[in-house]
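Heads up: the structure comes next, in structure tokens.
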Amino acid sequence: MIVRSVQDLYGTDRDVDNGNWVSRRFLLAKDGVGFSVNETTIRAGTETFMWYKHHTEAVYCVGGEGELEDLTDGTIYPISDGTIYVLNGHEKHKLRARSDMRMVCVFTPPLTGREVHNEEGFYPLIVEDESPVAAE
Ligand code: 9YT
């Protein structure tokens with residue numbers, strides 16, 4: 001069994017600040033459960049372009065508000081506490097945070113923790129080998 005509090009992650013390599021957002025990674029590939037879970041806070045006033053080319057991600061907003069733009073068709077969705085969005089088509093998207101947005105994010109296959117280093121431009125493009133061994 002794994003039990004972790006977000007406070008346990010502060011200041012560790014599971015606590016990643018990328019400017020527009022800060023992410024605390026509760027579960028990564030190396031934890032061996034087949035998916036990853038993190039809490040990401042998207043900072044107020046930011047706009048972030050994202051594209052998870054090789055992953056499916058579910059994002060559940062548990063605080064704050066903003067909007068999500070699906071760049072494949074231009075649809076804009078209001079996002080606030082209680083709304084989930086699921087990138088089941090690897091959609092390129094933009095998140096605009098009106099206030100700090102707390103998001104619980106689940107990825108399959110799981111994030112390794114290295115992805116933040118694989119950026120192109122201002123967005124995470126996750127294309128590396130995702131094996132738990134490679135994550136170390
Ligand atoms: C909101 C969102 O897509 N968060 C993704 C997780 C974050 N970029 C991370 O932990 O790398």
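Ligands are numbered from 1 in the order shown, residues from 1 within each chain, and chains are lettered A, B, ... in the order they appear in the structure tokens.
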Check: If you count only C-alpha atoms and all ligand atoms, which residues end up within 6 Å of ligand 1, as a PyMOL selection string?
Finding: chain A and resi 23+40+103+105+116
Next item on the list: Output as JSON, numbers by chain all residues of chain A that backbone DSSP marks as strand (DSSP E).
Entry: {"A": [15, 16, 17, 21, 22, 23, 24, 25, 26, 27, 36, 37, 38, 39, 40, 41, 42, 47, 48, 49, 50, 56, 57, 58, 59, 60, 61, 62, 63, 65, 66, 67, 68, 69, 70, 76, 77, 78, 79, 80, 84, 85, 86, 87, 93, 94, 95, 96, 97, 101, 102, 103, 104, 105, 106, 107, 108, 119, 120, 123, 124]}
Check: Any idea what's packed within 8 Å of Thr108 in chain A, counting only C-alpha atoms, ignoring anything in its chain fewer than 3 positions away? Could you give it as a PyMOL selection string?
Finding: chain A and resi 34-36+55-57+111
Serialized selection, N, CA and C atoms, as a short mmCIF file (atom, residue, chain, number, x, y, z; two decimals), in the first residue's frame:
```cif
data_model
loop_
_atom_site.label_atom_id
_atom_site.label_comp_id
_atom_site.auth_asym_id
_atom_site.auth_seq_id
_atom_site.Cartn_x
_atom_site.Cartn_y
_atom_site.Cartn_z
N GLY A 34 1.03 1.43 -12.90
CA GLY A 34 0.47 1.47 -14.24
C GLY A 34 -0.13 2.79 -14.67
N PHE A 35 -0.21 3.73 -13.74
CA PHE A 35 -0.68 5.08 -14.08
C PHE A 35 0.05 6.04 -13.16
N SER A 36 0.00 7.32 -13.49
CA SER A 36 0.58 8.31 -12.58
C SER A 36 -0.52 9.25 -12.11
N HIS A 55 0.32 10.01 -24.42
CA HIS A 55 -0.38 9.66 -23.19
C HIS A 55 -1.86 10.04 -23.29
N THR A 56 -2.67 9.33 -22.50
CA THR A 56 -4.03 9.77 -22.23
C THR A 56 -4.02 10.39 -20.83
N GLU A 57 -4.63 11.56 -20.71
CA GLU A 57 -4.64 12.25 -19.43
C GLU A 57 -6.08 12.62 -19.06
N LEU A 111 3.56 8.98 -16.14
CA LEU A 111 4.73 9.87 -16.26
C LEU A 111 5.91 9.24 -15.54
#
```
Margin query: Env of range 71-79 of chain A: 10 Å cut, atoms = only C-alpha atoms, seq-sep filter 3 positions within chain, self excluded. Answer as a ChimeraX atom specification.
Written below: /A:49-51,60-68,82-85,89-98,101
